[in-house]
Amino acid sequence: MTTHGPDSIGFLLHDATRLLRKRFERSASGLGLSSAQWRLLVSVKRLGEPTQAQIAERLEIEPISVSRLVDRMEAAGWVERLQDEADRRIRRVRPTERSRAMFDDLRTLATEVYDVALAGLSPDERAALLHALATMIANLAEPDAEADAPAARQGEDA
């Protein structure tokens with residue numbers, strides 16, 4: 001397996017993700033949502049009624065950027081802000097009926113894009129790819145024991 005250069009797993013994953021996003025954006029352009037907006041909607045749906053800070057963490061963008069994005073989406077009727085019942089300083093975001101009605105359309109578009117992306121792969125190959133990606137995510141989401149080990153060993157030498 002090539003570990004460096006344009007055929008490395010990092011480059012391939014990045015290119016595949018970029019092209020998936022680009023294809024989806026082109027397909028979803030008629031729905032009136034930007035890529036950032038539909039990613040925010042999907043995050044809100046997955047997280048329940050998250051705070052803007054939780055959305056920022058999930059999307060890996062600055063909280064002020066989320067605030068501006070939510071402002072625009074609220075004005076367009078895609079989301080609404082609610083005060084947190086336990087802490088009135090906290091504002092939560094939830095999808096409106098308009099955006100909830102669109103989730104099925106987004107899911108259909110995503111399925112069509114995935115079908116194009118996975119064309120030529122057998123069902124077993126598709127399952128293996130999904131399993132491999134899920135395993136990679138799990139491996140990378142766990143604390144890096146190797147990175148912690150040298151620091152622990154240095155402490156032992158002292």
# chains A, B, ... in the order shown; residues from 1 in each chain; ligands from 1

$ residues_around --residues "Ser34 (chain A)" --least-positions-apart "6" --cutoff "12 Å" --atoms "only C-alpha atoms" --output "PDB file with N, CA and C atoms, in the first residue's frame"
ATOM      1  N   ARG A  21     -19.026  15.671  -1.820  1.00  0.00           N
ATOM      2  CA  ARG A  21     -19.643  16.929  -1.411  1.00  0.00           C
ATOM      3  C   ARG A  21     -20.010  17.773  -2.632  1.00  0.00           C
ATOM      4  N   LYS A  22     -19.098  17.834  -3.597  1.00  0.00           N
ATOM      5  CA  LYS A  22     -19.333  18.622  -4.809  1.00  0.00           C
ATOM      6  C   LYS A  22     -20.529  18.078  -5.600  1.00  0.00           C
ATOM      7  N   PHE A  24     -22.992  16.237  -4.401  1.00  0.00           N
ATOM      8  CA  PHE A  24     -24.211  16.458  -3.627  1.00  0.00           C
ATOM      9  C   PHE A  24     -24.660  17.910  -3.738  1.00  0.00           C
ATOM     10  N   GLU A  25     -23.720  18.852  -3.628  1.00  0.00           N
ATOM     11  CA  GLU A  25     -24.065  20.272  -3.741  1.00  0.00           C
ATOM     12  C   GLU A  25     -24.736  20.564  -5.074  1.00  0.00           C
ATOM     13  N   ARG A  26     -24.202  19.989  -6.139  1.00  0.00           N
ATOM     14  CA  ARG A  26     -24.793  20.201  -7.461  1.00  0.00           C
ATOM     15  C   ARG A  26     -26.207  19.634  -7.507  1.00  0.00           C
ATOM     16  N   SER A  27     -26.395  18.453  -6.929  1.00  0.00           N
ATOM     17  CA  SER A  27     -27.720  17.815  -6.920  1.00  0.00           C
ATOM     18  C   SER A  27     -28.711  18.572  -6.041  1.00  0.00           C
ATOM     19  N   ALA A  28     -28.219  19.116  -4.922  1.00  0.00           N
ATOM     20  CA  ALA A  28     -29.101  19.763  -3.955  1.00  0.00           C
ATOM     21  C   ALA A  28     -29.287  21.255  -4.208  1.00  0.00           C
ATOM     22  N   LEU A  40     -25.235  21.825   8.436  1.00  0.00           N
ATOM     23  CA  LEU A  40     -25.746  22.259   9.725  1.00  0.00           C
ATOM     24  C   LEU A  40     -27.073  21.574  10.033  1.00  0.00           C
ATOM     25  N   LEU A  41     -27.966  21.501   9.051  1.00  0.00           N
ATOM     26  CA  LEU A  41     -29.259  20.841   9.275  1.00  0.00           C
ATOM     27  C   LEU A  41     -29.085  19.382   9.664  1.00  0.00           C
ATOM     28  N   LEU A  69     -24.374  31.710  10.445  1.00  0.00           N
ATOM     29  CA  LEU A  69     -25.078  30.741   9.606  1.00  0.00           C
ATOM     30  C   LEU A  69     -26.490  30.490  10.150  1.00  0.00           C
ATOM     31  N   ARG A  72     -28.812  33.419   9.334  1.00  0.00           N
ATOM     32  CA  ARG A  72     -29.332  33.373   7.960  1.00  0.00           C
ATOM     33  C   ARG A  72     -30.379  32.278   7.799  1.00  0.00           C
ATOM     34  N   MET A  73     -30.122  31.119   8.404  1.00  0.00           N
ATOM     35  CA  MET A  73     -31.057  30.000   8.269  1.00  0.00           C
ATOM     36  C   MET A  73     -32.352  30.260   9.036  1.00  0.00           C
ATOM     37  N   TRP A  78     -35.423  27.919   8.047  1.00  0.00           N
ATOM     38  CA  TRP A  78     -34.904  26.541   8.110  1.00  0.00           C
ATOM     39  C   TRP A  78     -34.744  26.026   9.533  1.00  0.00           C
TER      40      TRP A  78
END

$ select_by_dssp --residues "chain A" --states "strand (DSSP E or B)" --output "list in words"
Thr51, Val79, Glu80, Arg81, Leu82, Gln83, Arg91, Arg92, Val93, Arg94 and Pro95 of chain A

$ atom_distance --atom1 "CA of Val79 (chain A)" --atom2 "CA of Arg94 (chain A)"
5.5 Å

$ residues_around --residues "Ala117 (chain A)" --least-positions-apart "4" --cutoff "9 Å" --atoms "only C-alpha atoms" --output "PyMOL selection string"
chain A and resi 16+20+112-113

$ closest_residue --among "A:Gly120, A:Pro63, A:Gly48, A:Gly77" --to "Arg92 (chain A)" --atoms "only C-alpha atoms"
A:Gly48
